[in-house]
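Next comes input_11.cif, a file with mmCIF, C-alpha atoms and all ligand atoms.
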```cif
data_work
loop_
_atom_site.label_atom_id
_atom_site.label_comp_id
_atom_site.auth_asym_id
_atom_site.auth_seq_id
_atom_site.Cartn_x
_atom_site.Cartn_y
_atom_site.Cartn_z
CA MET P 21 0.00 0.00 0.00
CA ARG P 22 1.07 3.60 -0.38
CA ASN P 23 0.15 7.18 0.51
CA ALA P 24 0.89 10.40 -1.44
CA GLU P 25 4.53 10.30 -0.41
CA ILE P 26 5.81 6.76 0.22
CA SER P 27 5.20 3.06 -0.34
CA PHE P 28 5.52 0.82 2.72
CA ASP P 29 7.05 -2.13 0.87
CA ASP P 30 10.60 -1.67 2.16
CA MET P 31 9.74 -0.31 5.62
CA THR P 32 11.88 -1.68 8.45
CA ALA P 33 11.43 -1.43 12.23
CA SER P 34 13.34 -2.01 15.45
CA ALA P 35 12.28 -4.00 18.51
CA VAL P 36 13.93 -3.45 21.90
CA VAL P 37 13.86 -5.66 25.01
CA VAL P 38 15.29 -4.40 28.31
CA VAL P 39 16.06 -7.28 30.69
CA SER P 40 16.24 -6.44 34.39
CA ASP P 41 17.84 -8.45 37.21
CA LEU P 42 14.55 -8.49 39.11
CA ILE P 43 13.37 -12.12 39.04
CA ARG P 44 9.67 -12.90 39.40
CA ASP P 45 8.25 -16.42 39.04
CA GLY P 46 11.72 -17.59 38.02
CA ARG P 47 12.03 -15.16 35.11
CA PRO P 48 13.54 -11.69 34.76
CA VAL P 49 11.10 -8.79 34.55
CA ILE P 50 11.50 -7.18 31.13
CA GLY P 51 10.41 -4.09 29.18
CA LEU P 52 9.42 -4.16 25.50
CA ALA P 53 9.30 -1.51 22.79
CA PHE P 54 8.54 -1.56 19.07
CA ASP P 55 9.10 1.16 16.48
CA SER P 56 6.46 3.54 15.26
CA ILE P 57 5.40 3.51 11.60
CA GLY P 58 6.37 5.70 8.66
CA ARG P 59 10.06 6.00 9.50
CA TYR P 60 12.60 3.20 9.18
CA GLY P 61 14.21 1.09 11.92
CA HIS P 62 16.75 2.63 14.28
CA GLY P 63 19.14 -0.30 14.65
CA GLY P 64 22.31 1.61 13.72
CA LEU P 65 21.79 4.41 16.22
CA LEU P 66 20.68 1.99 18.93
CA ARG P 67 23.58 -0.43 18.58
CA GLU P 68 26.29 2.10 17.86
CA ARG P 69 25.40 4.84 20.30
CA PHE P 70 22.45 4.73 22.65
CA ILE P 71 22.47 1.19 24.02
CA PRO P 72 26.25 1.27 24.74
CA ARG P 73 25.92 4.71 26.36
CA LEU P 74 23.23 3.57 28.77
CA LEU P 75 24.97 0.28 29.57
CA ALA P 76 28.24 2.13 30.27
CA ALA P 77 26.63 4.57 32.72
CA SER P 78 26.80 4.04 36.46
CA PRO P 79 23.50 2.68 37.89
CA ASP P 80 23.67 5.63 40.33
CA ASP P 81 22.96 7.86 37.33
CA TYR P 82 19.57 6.31 36.54
CA ALA P 83 18.40 4.49 39.68
CA ASP P 84 15.19 5.50 41.40
CA GLU P 85 14.86 5.66 45.18
CA ARG P 86 13.76 2.00 45.36
CA GLY P 87 16.65 0.59 43.34
CA GLY P 88 14.70 0.37 40.11
CA ILE P 89 15.35 2.34 36.94
CA ASP P 90 13.91 5.85 36.67
CA PRO P 91 13.10 6.30 32.96
CA ARG P 92 13.44 10.07 33.27
CA ARG P 93 16.95 9.82 34.71
CA ALA P 94 17.88 7.21 32.10
CA TRP P 95 16.63 9.65 29.44
CA SER P 96 19.13 12.26 30.69
CA VAL P 97 21.90 9.67 30.38
CA LEU P 98 20.83 8.87 26.80
CA MET P 99 20.93 12.56 25.89
CA ARG P 100 24.46 13.16 27.24
CA ASN P 101 26.78 14.68 24.66
CA GLU P 102 23.93 15.26 22.20
CA LYS P 103 23.83 18.76 20.64
CA SER P 104 20.69 20.84 20.15
CA GLY P 105 18.91 20.85 16.80
CA GLY P 106 19.17 18.37 13.92
CA HIS P 107 16.61 16.02 15.40
CA GLY P 108 16.18 13.64 12.44
CA GLU P 109 16.34 9.92 13.33
CA ARG P 110 17.89 10.32 16.81
CA PRO P 111 14.58 10.95 18.65
CA GLY P 112 13.18 7.65 17.35
CA ALA P 113 16.13 5.68 18.73
CA VAL P 114 15.93 7.40 22.13
CA GLY P 115 12.15 6.98 22.08
CA LEU P 116 12.47 3.20 21.75
CA ILE P 117 14.69 2.81 24.81
CA ASP P 118 12.47 5.24 26.71
CA ALA P 119 9.38 3.17 25.81
CA ALA P 120 11.03 -0.08 26.91
CA LEU P 121 12.06 1.48 30.25
CA TRP P 122 8.52 2.75 30.89
CA ASP P 123 7.13 -0.69 30.08
CA LEU P 124 9.65 -2.20 32.51
CA THR P 125 8.73 0.33 35.21
CA ALA P 126 5.02 -0.42 34.84
CA ARG P 127 5.65 -4.18 34.98
CA VAL P 128 7.85 -3.81 38.07
CA GLU P 129 5.01 -1.87 39.72
CA GLN P 130 2.45 -4.31 38.27
CA LYS P 131 0.29 -1.49 36.93
CA PRO P 132 -0.79 -0.46 33.45
CA LEU P 133 1.46 2.22 31.97
CA TRP P 134 -1.40 4.72 31.78
CA ALA P 135 -1.81 4.56 35.57
CA VAL P 136 1.93 4.89 36.20
CA LEU P 137 2.15 7.98 33.97
CA ALA P 138 -0.86 9.60 35.64
CA GLU P 139 0.72 9.02 39.06
CA ARG P 140 4.15 10.30 38.07
CA PHE P 141 2.93 13.40 36.31
CA GLY P 142 -0.16 14.22 38.39
CA THR P 143 -2.61 13.97 35.51
CA THR P 144 -6.17 12.69 35.61
CA ALA P 145 -5.98 9.69 33.30
CA THR P 146 -8.64 9.06 30.66
CA ARG P 147 -9.74 5.44 30.91
CA SER P 148 -12.07 5.78 27.94
CA VAL P 149 -9.98 7.05 25.01
CA ALA P 150 -11.56 8.45 21.83
CA VAL P 151 -10.04 6.70 18.82
CA TYR P 152 -10.24 6.94 15.06
CA ALA P 153 -9.48 4.42 12.35
CA SER P 154 -6.70 5.40 10.02
CA GLY P 155 -6.70 3.77 6.60
CA GLY P 156 -7.91 4.54 3.10
CA HIS P 157 -4.52 3.98 1.49
CA TYR P 158 -4.27 3.67 -2.29
CA ARG P 159 -4.52 0.02 -3.20
CA GLY P 160 -4.68 -0.24 -7.00
CA ASP P 161 -7.56 -0.83 -9.40
CA ASP P 162 -10.37 -1.74 -7.02
CA ASP P 163 -9.64 1.30 -4.86
CA LEU P 164 -13.24 2.47 -4.32
CA ALA P 165 -14.55 -1.01 -3.54
CA ALA P 166 -11.63 -1.65 -1.19
CA LEU P 167 -12.21 1.68 0.54
CA ASN P 168 -15.89 0.93 0.96
CA SER P 169 -15.30 -2.46 2.57
CA GLU P 170 -12.50 -1.09 4.74
CA ILE P 171 -14.77 1.61 6.21
CA ARG P 172 -17.61 -0.88 6.70
CA ALA P 173 -15.27 -3.22 8.56
CA CYS P 174 -14.12 -0.36 10.82
CA LEU P 175 -17.70 0.64 11.63
CA ASP P 176 -18.53 -3.00 12.39
CA ALA P 177 -15.51 -3.19 14.70
CA GLY P 178 -16.83 -0.25 16.74
CA HIS P 179 -15.14 2.73 15.10
CA ARG P 180 -17.08 5.93 14.50
CA ARG P 181 -14.35 8.05 12.84
CA PHE P 182 -12.23 7.33 9.79
CA LYS P 183 -9.28 8.93 8.01
CA LEU P 184 -8.33 8.33 4.40
CA LYS P 185 -5.32 9.27 2.31
CA ILE P 186 -5.57 11.95 -0.36
CA ALA P 187 -3.22 13.85 -2.71
CA GLY P 188 -1.74 10.65 -4.15
CA ALA P 189 -4.21 10.87 -7.07
CA PRO P 190 -5.75 13.67 -9.14
CA LEU P 191 -8.26 15.84 -7.27
CA ASP P 192 -11.27 14.39 -9.14
CA GLN P 193 -10.33 10.86 -8.15
CA ASP P 194 -9.86 11.85 -4.52
CA ARG P 195 -13.24 13.61 -4.54
CA ARG P 196 -14.80 10.31 -5.64
CA ARG P 197 -13.04 8.55 -2.77
CA ILE P 198 -14.20 11.16 -0.25
CA GLU P 199 -17.77 11.04 -1.58
CA ALA P 200 -17.75 7.23 -1.37
CA ALA P 201 -16.67 7.51 2.26
CA LEU P 202 -19.34 10.13 3.00
CA LYS P 203 -22.02 7.61 2.01
CA LEU P 204 -20.99 5.64 5.11
CA ILE P 205 -19.88 8.30 7.57
CA ASP P 206 -20.66 11.98 8.28
CA GLY P 207 -18.19 14.67 7.24
CA ASP P 208 -17.36 15.71 10.79
CA ARG P 209 -16.25 12.12 11.44
CA LEU P 210 -14.18 11.85 8.28
CA ALA P 211 -10.63 13.23 8.09
CA VAL P 212 -8.27 13.26 5.10
CA ASP P 213 -4.48 12.96 5.14
CA ALA P 214 -2.47 14.53 2.29
CA THR P 215 0.85 13.20 3.71
CA ALA P 216 2.59 16.40 2.61
CA GLY P 217 1.50 15.79 -1.00
CA LEU P 218 0.39 19.37 -1.73
CA ASP P 219 2.43 22.54 -2.14
CA GLU P 220 2.19 26.30 -2.55
CA GLU P 221 0.69 25.91 -6.03
CA THR P 222 -1.83 23.14 -5.37
CA ALA P 223 -2.86 23.42 -1.70
CA PRO P 224 -5.17 26.48 -2.00
CA SER P 225 -7.28 24.94 -4.78
CA TRP P 226 -7.52 21.59 -2.96
CA PHE P 227 -8.61 23.35 0.25
CA GLU P 228 -11.18 25.31 -1.77
CA ALA P 229 -12.52 22.08 -3.30
CA LEU P 230 -12.58 20.14 0.00
CA GLN P 231 -14.05 22.88 2.18
CA PRO P 232 -17.73 22.11 1.33
CA TYR P 233 -17.38 18.54 2.67
CA ARG P 234 -17.03 19.95 6.23
CA LEU P 235 -14.35 17.40 7.09
CA ALA P 236 -13.04 16.76 10.60
CA TRP P 237 -9.61 17.89 9.45
CA ILE P 238 -7.14 18.04 6.57
CA GLU P 239 -3.92 16.40 7.74
CA GLU P 240 -0.36 17.31 6.82
CA PRO P 241 -1.45 19.24 3.73
CA VAL P 242 2.05 20.43 2.80
CA ASP P 243 5.70 20.00 3.79
CA PRO P 244 5.64 19.79 7.60
CA LEU P 245 8.47 22.33 7.88
CA ASP P 246 6.85 24.99 5.65
CA PHE P 247 5.40 26.96 8.55
CA ASP P 248 4.52 30.03 6.49
CA LEU P 249 2.41 27.98 4.08
CA HIS P 250 0.54 26.48 7.06
CA ARG P 251 -0.09 30.04 8.24
CA ALA P 252 -1.41 31.08 4.83
CA LEU P 253 -3.80 28.09 4.66
CA ALA P 254 -5.00 28.52 8.25
CA SER P 255 -5.75 32.19 7.66
CA ALA P 256 -7.61 31.57 4.38
CA PHE P 257 -9.68 28.47 5.21
CA ALA P 258 -11.86 27.54 8.19
CA VAL P 259 -11.37 23.76 7.87
CA PRO P 260 -9.29 22.33 10.76
CA ILE P 261 -5.67 21.41 9.99
CA ALA P 262 -3.84 18.53 11.69
CA THR P 263 -0.07 18.26 11.53
CA GLY P 264 3.09 17.48 13.47
CA GLU P 265 3.76 13.76 12.90
CA ASN P 266 7.04 14.60 11.19
CA LEU P 267 8.24 17.11 13.78
CA PHE P 268 10.17 15.21 16.43
CA SER P 269 11.10 17.79 19.06
CA ALA P 270 9.88 20.57 21.32
CA ALA P 271 12.10 22.98 19.35
CA ASP P 272 10.38 22.13 16.05
CA THR P 273 6.98 22.33 17.77
CA ARG P 274 7.87 25.80 19.02
CA ASN P 275 8.59 26.94 15.46
CA LEU P 276 5.38 25.41 14.13
CA LEU P 277 3.32 27.16 16.81
CA ARG P 278 5.20 30.45 16.51
CA TYR P 279 5.02 30.72 12.76
CA GLY P 280 2.46 28.19 11.46
CA GLY P 281 -0.68 30.16 12.36
CA LEU P 282 -2.41 27.12 13.84
CA ARG P 283 -5.59 27.77 15.83
CA PRO P 284 -5.91 26.37 19.37
CA ASP P 285 -9.71 26.15 19.05
CA ARG P 286 -9.79 23.77 16.07
CA ASP P 287 -6.42 22.49 14.84
CA TRP P 288 -4.80 19.20 15.93
CA LEU P 289 -1.21 18.35 16.84
CA GLN P 290 -0.03 14.87 15.94
CA MET P 291 3.56 14.54 17.12
CA ASP P 292 4.45 10.85 17.48
CA VAL P 293 5.41 9.85 21.04
CA SER P 294 7.94 7.19 20.01
CA LEU P 295 9.55 9.30 17.29
CA SER P 296 9.80 12.38 19.53
CA TYR P 297 12.23 11.15 22.23
CA GLY P 298 9.52 9.20 24.09
CA VAL P 299 7.61 10.36 27.17
CA GLU P 300 10.20 12.90 28.30
CA GLY P 301 10.40 14.50 24.87
CA TYR P 302 6.62 14.51 24.62
CA ARG P 303 6.25 16.29 27.94
CA ARG P 304 8.48 19.05 26.61
CA ILE P 305 6.34 19.24 23.46
CA LEU P 306 3.18 19.48 25.57
CA ALA P 307 4.71 22.26 27.66
CA GLN P 308 5.65 24.15 24.49
CA ALA P 309 2.12 23.75 23.14
CA GLU P 310 0.59 24.95 26.40
CA ARG P 311 2.66 28.13 26.16
CA HIS P 312 1.00 28.74 22.80
CA GLY P 313 -2.51 28.10 24.09
CA PHE P 314 -2.88 24.47 22.94
CA ALA P 315 -4.37 22.17 25.58
CA ALA P 316 -3.27 18.54 25.88
CA GLN P 317 -6.67 17.64 24.39
CA ARG P 318 -5.54 19.11 21.03
CA PHE P 319 -3.03 16.24 20.67
CA LEU P 320 -3.82 13.18 18.56
CA PRO P 321 -0.47 11.36 18.46
CA HIS P 322 0.50 9.76 15.17
CA ALA P 323 0.90 6.07 14.48
CA GLY P 324 -1.56 3.76 16.15
CA HIS P 325 0.75 1.79 18.40
CA LEU P 326 -0.08 0.63 21.92
CA PHE P 327 2.61 2.72 23.57
CA ALA P 328 0.95 5.87 22.15
CA LEU P 329 -2.44 4.63 23.41
CA GLN P 330 -1.07 4.23 26.95
CA VAL P 331 0.44 7.72 26.84
CA VAL P 332 -2.78 9.24 25.47
CA ALA P 333 -4.73 7.65 28.35
CA GLY P 334 -2.16 8.48 31.04
CA LEU P 335 -1.54 12.08 30.02
CA ALA P 336 -5.19 12.67 29.02
CA LEU P 337 -4.48 13.69 25.42
CA GLY P 338 -7.23 14.25 22.85
CA GLY P 339 -7.43 10.86 21.20
CA HIS P 340 -5.68 7.94 19.57
CA GLU P 341 -5.05 6.95 15.96
CA THR P 342 -5.47 3.24 15.21
CA ALA P 343 -4.34 1.30 12.16
CA ALA P 344 -7.51 0.28 10.31
CA ASP P 345 -5.93 -2.63 8.45
CA PRO P 346 -6.38 -5.68 10.73
CA ALA P 347 -3.47 -7.39 8.96
CA ALA P 348 -1.01 -4.65 9.97
CA LEU P 349 1.55 -5.70 12.55
CA ILE P 350 0.73 -2.87 14.95
CA SER P 351 -3.05 -2.93 14.55
CA GLY P 352 -5.60 -4.16 17.06
CA PHE P 353 -5.91 -4.12 20.84
CA PRO P 354 -5.07 -6.82 23.37
CA VAL P 355 -7.99 -8.81 24.74
CA GLY P 356 -9.24 -6.69 27.63
CA ILE P 357 -8.89 -3.33 25.87
CA THR P 358 -12.25 -3.03 24.16
CA LEU P 359 -13.47 -0.77 21.35
CA ARG P 360 -17.06 0.42 21.38
CA GLU P 361 -18.82 3.44 19.88
CA GLY P 362 -15.56 5.09 18.82
CA ALA P 363 -13.75 4.76 22.16
CA VAL P 364 -11.51 2.18 23.79
CA MET P 365 -11.71 1.29 27.45
CA MET P 366 -8.27 0.75 29.01
CA ASP P 367 -7.75 -2.26 31.26
CA ASP P 368 -5.58 -2.89 34.33
CA GLU P 369 -3.03 -5.35 32.94
CA PRO P 370 0.56 -4.36 33.81
CA GLY P 371 2.80 -2.61 31.30
CA VAL P 372 2.11 -1.45 27.75
CA GLY P 373 0.65 -4.72 26.51
CA LEU P 374 2.72 -5.30 23.35
CA ASP P 375 3.23 -8.97 24.24
CA ARG P 376 -0.55 -9.36 24.47
CA LEU P 377 -0.89 -8.78 20.71
CA PRO P 378 -0.32 -12.21 19.11
CA ARG P 379 1.65 -10.91 16.10
CA MET P 380 3.83 -8.74 18.34
CA ALA P 381 4.48 -11.66 20.68
CA ASP P 382 5.90 -13.50 17.65
CA VAL P 383 8.24 -10.56 16.92
CA PHE P 384 9.58 -10.50 20.46
CA ALA P 385 9.83 -14.26 21.03
CA PRO P 386 13.38 -14.63 19.60
CA LEU P 387 14.60 -11.68 21.72
CA LEU P 388 13.36 -12.87 25.10
CA PRO P 389 15.77 -14.16 27.75
MG MG L 1 -0.57 11.33 8.65
#
```

Please render this file's structure as structure tokens.
Ligand SMILES: [Mg+2]
Amino acid sequence: MRNAEISFDDMTASAVVVVSDLIRDGRPVIGLAFDSIGRYGHGGLLRERFIPRLLAASPDDYADERGGIDPRRAWSVLMRNEKSGGHGERPGAVGLIDAALWDLTARVEQKPLWAVLAERFGTTATRSVAVYASGGHYRGDDDLAALNSEIRACLDAGHRRFKLKIAGAPLDQDRRRIEAALKLIDGDRLAVDATAGLDEETAPSWFEALQPYRLAWIEEPVDPLDFDLHRALASAFAVPIATGENLFSAADTRNLLRYGGLRPDRDWLQMDVSLSYGVEGYRRILAQAERHGFAAQRFLPHAGHLFALQVVAGLALGGHETAADPAALISGFPVGITLREGAVMMDDEPGVGLDRLPRMADVFAPLLP
């Protein structure tokens, strides 16, 4: 499958297992993490730099008061000798180790990660998380029929919101796709994602053409770093804009919010937790957003992985993206986390829950101690 910008055929990913020396039921307590989607694996950075740096540090540098590992202190160790700026692939590597350490922490405490995050950061967790199904990729000749059955399957599964890809085809073809979707779902529950496929020349006419559909949002209309073009679109069109999945730092978020003209009453921020230095990086992004008037509820983190879901629930963010394709490695919820009427109800199982997804358990099996 593909979107306006990339095909996923050659996509790679990294999996990380942190093994502790705490033994329970004869086995070490471990923490698991798996990459986000849309960027490639981070094996080089992990093996060459970040894993050796953490292993070489003194435990005094990352221990918590009970002799466990404090993920926030470990994060500071990971970021030693790293310069400002140039965020690129580095945040995704750090984010993986951060995610594995939070999973470990939650398993040590025998609590779900959402509850641990709410405790640590003093938030009121959201046990019922609003979700939307993300799909509608281009799939070849039977595109409209495939789109139709994909949306029907999502509605049957309990979804009430759907997002489809645009800007990878001529405008007329995308209008047919949007109109096919609108036969099954109202405009305010349908979002479109241009995956940066439009530009200065094309974006205004596409916005003009899409405006009458009253869509939930138009996502990543143009290059994510063209802040002035975001500002021009936001000032000319009322339709909500969602963006941020390809900004990986608080510094980039600051520039977007300073210069991108986004509106705190309607626009959505989609920075990806795993690709943005993990929980610690995300807290800095949230603080930056708050300074610019954007509440935590304006965040809909990119990707659709379970780690993001736990963070959305624990930090009470606005909602969660889920991968619509049931065959996708990261799609679905563990038994116990249930989807109904467009929301998932979190459960009380310890950790993030990656190993409770059968396909993920297969990925991790060869890595386990
Ligand atoms: Mg997107």

>> Taking all atoms listed in the file into account, list the residues no farther than 10 Å from ligand MG 1 (chain L), as a ChimeraX atom specification.
In response: /P:23,58,154-155,183-185,212-216,238-241,262-266,290-291,321-323,341

Could you give me, as a tab-separated table, every stretch 197-240 of chain P residue with an atom at most 10 Å from stretch 149-152 of chain P, plus its closest atom pair and distance in Å to one decimal, counting only C-alpha atoms, rows ordered by chain then number?
```
residue	atom	partner	partner_atom	distance
P:Arg209	CA	P:Tyr152	CA	8.7
P:Leu210	CA	P:Tyr152	CA	9.3
P:Ala211	CA	P:Tyr152	CA	9.4
```

Could you write out that same residue set with C-alpha atoms as a CSV table (one decimal), in the frame of the given file?
```
chain,number,residue,atom,x,y,z
P,209,ARG,CA,-16.2,12.1,11.4
P,210,LEU,CA,-14.2,11.8,8.3
P,211,ALA,CA,-10.6,13.2,8.1
```

Given the point (-11.0, 26.1, 15.0) in the coordinates of this file, which residues lie within 9 Å, counting only C-alpha atoms, and how would they look as a CSV table (one decimal) with C-alpha atoms, keeping the file's coordinate frame?
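Output file result_39.csv follows:
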```csv
chain,number,residue,atom,x,y,z
P,258,ALA,CA,-11.9,27.5,8.2
P,259,VAL,CA,-11.4,23.8,7.9
P,260,PRO,CA,-9.3,22.3,10.8
P,261,ILE,CA,-5.7,21.4,10.0
P,282,LEU,CA,-2.4,27.1,13.8
P,283,ARG,CA,-5.6,27.8,15.8
P,284,PRO,CA,-5.9,26.4,19.4
P,285,ASP,CA,-9.7,26.2,19.0
P,286,ARG,CA,-9.8,23.8,16.1
P,287,ASP,CA,-6.4,22.5,14.8
```

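Of the residues under consideration (P:Asn101, P:Ser255, P:Gln317, P:Ser78), P:Gln317 shows the shortest atom-to-atom contact distance to P:Gly338 when counting only C-alpha atoms.
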
> Which residues come within 10 Å of P:Phe327, counting only C-alpha atoms, excluding same-chain residues fewer than 5 positions away, as number ranges by chain?
Replying inline: P: 52-56, 119-120, 122-123, 133-134, 293-294, 298-299, 332, 371-374

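Comparing the minimum interatomic distances between P:Val114 and each of P:Tyr297, P:Phe182, P:Tyr82, P:Tyr158, counting all atoms listed in the file, we find that P:Tyr297 sits nearest.
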
>> Using Å and a single decimal, report how far atom CA of P:Thr143 sits from atom CA of P:Val331.
In response: 11.1 Å

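Interatomic distance, atom CA of P:Leu235 to atom CA of P:Asp208: 5.1 Å.
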
> Separation of atom CA of P:Pro111 and atom CA of P:Leu124, in Å?
Replying inline: 19.7 Å

Residues of stretch 325-370 of chain P that have any atom at most 12 Å from an atom of stretch 28-48 of chain P: could you tabulate them with the shortest-distance atom pair and the distance in Å to one decimal, using all atoms listed in the file, ordered by chain and increasing number, as a Markdown table?
```
| residue | atom | partner | partner_atom | distance |
| --- | --- | --- | --- | --- |
| P:Ala348 | CA | P:Phe28 | CA | 11.2 |
| P:Leu349 | CA | P:Ala33 | CA | 10.8 |
| P:Ile350 | CA | P:Ala33 | CA | 11.1 |
```

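For the choices P:Leu98, P:Leu75, P:Leu249, P:Ile186, the atom-to-atom distance to P:Arg22 is smallest for P:Ile186 when using all atoms listed in the file.
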
>> Residues within 12 Å of P:Met99, please, as a PyMOL selection string. Count only C-alpha atoms; anything in the same chain fewer than 3 positions from it doesn't count.
In response: chain P and resi 69-71+73-74+77+92-96+102-104+107+110-111+113-115+117-118+297+300-301

Requested write-out: C-alpha atoms of the selected residues, as an mmCIF file, keeping the file's coordinate frame:
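New file again16.cif:
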```cif
data_model
loop_
_atom_site.group_PDB
_atom_site.id
_atom_site.type_symbol
_atom_site.label_atom_id
_atom_site.label_comp_id
_atom_site.auth_asym_id
_atom_site.auth_seq_id
_atom_site.Cartn_x
_atom_site.Cartn_y
_atom_site.Cartn_z
ATOM 1 C CA ARG P 69 25.400 4.840 20.300
ATOM 2 C CA PHE P 70 22.450 4.730 22.650
ATOM 3 C CA ILE P 71 22.470 1.190 24.020
ATOM 4 C CA ARG P 73 25.920 4.710 26.360
ATOM 5 C CA LEU P 74 23.230 3.570 28.770
ATOM 6 C CA ALA P 77 26.630 4.570 32.720
ATOM 7 C CA ARG P 92 13.440 10.070 33.270
ATOM 8 C CA ARG P 93 16.950 9.820 34.710
ATOM 9 C CA ALA P 94 17.880 7.210 32.100
ATOM 10 C CA TRP P 95 16.630 9.650 29.440
ATOM 11 C CA SER P 96 19.130 12.260 30.690
ATOM 12 C CA GLU P 102 23.930 15.260 22.200
ATOM 13 C CA LYS P 103 23.830 18.760 20.640
ATOM 14 C CA SER P 104 20.690 20.840 20.150
ATOM 15 C CA HIS P 107 16.610 16.020 15.400
ATOM 16 C CA ARG P 110 17.890 10.320 16.810
ATOM 17 C CA PRO P 111 14.580 10.950 18.650
ATOM 18 C CA ALA P 113 16.130 5.680 18.730
ATOM 19 C CA VAL P 114 15.930 7.400 22.130
ATOM 20 C CA GLY P 115 12.150 6.980 22.080
ATOM 21 C CA ILE P 117 14.690 2.810 24.810
ATOM 22 C CA ASP P 118 12.470 5.240 26.710
ATOM 23 C CA TYR P 297 12.230 11.150 22.230
ATOM 24 C CA GLU P 300 10.200 12.900 28.300
ATOM 25 C CA GLY P 301 10.400 14.500 24.870
#
```

Mind working out the centre and edge lengths of an axis-aligned box for stretch 27-39 of chain P, all listed atoms inside, 3 Å added to each side, rounded to one decimal in Å and written as AutoDock Vina command-line options?
```
--center_x 10.6 --center_y -2.1 --center_z 15.2 --size_x 16.9 --size_y 16.3 --size_z 37.0
```

>> Show me, as JSON, numbers by chain, the residues that have an atom within 10 Å of P:Pro346 when counting all atoms listed in the file, minus same-chain residues fewer than 6 positions from it.
In response: {"P": [170, 173, 174, 352]}

>> I'd like the contact shell of P:Arg318 - 7 Å cut-off, all atoms listed in the file, skipping same-chain residues fewer than 4 positions apart - returned as a PyMOL selection string.
In response: chain P and resi 288-289+314+338

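Taking only C-alpha atoms into account, P:Leu230 lies nearest to P:Arg196 out of the set P:His250, P:His157, P:Arg127, P:Arg196.
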
>> Would you pick out the contacts of P:Arg376 at 10 Å or less, using only C-alpha atoms, so that residues sharing its chain but fewer than 2 positions from it are not included, and give the list as a PyMOL selection string?
In response: chain P and resi 353-356+369+372-374+378-381

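Closest approach to P:Leu335 among P:Pro232, P:Pro370, P:Gly63, P:Gly142 is made by P:Gly142 (distances from all atoms listed in the file).
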
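Considering only C-alpha atoms, the residue among P:Ile205, P:Ala254, P:Leu65, P:Val49 positioned nearest to P:Val128 is P:Val49.
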
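A distance cut-off of 10 Å around (-20.4, 6.0, 17.4), counting all atoms listed in the file, selects these protein and nucleic acid residues: Leu175, Gly178, His179, Arg180, Arg181, Arg209, Arg360, Glu361, Gly362 and Ala363 of chain P.
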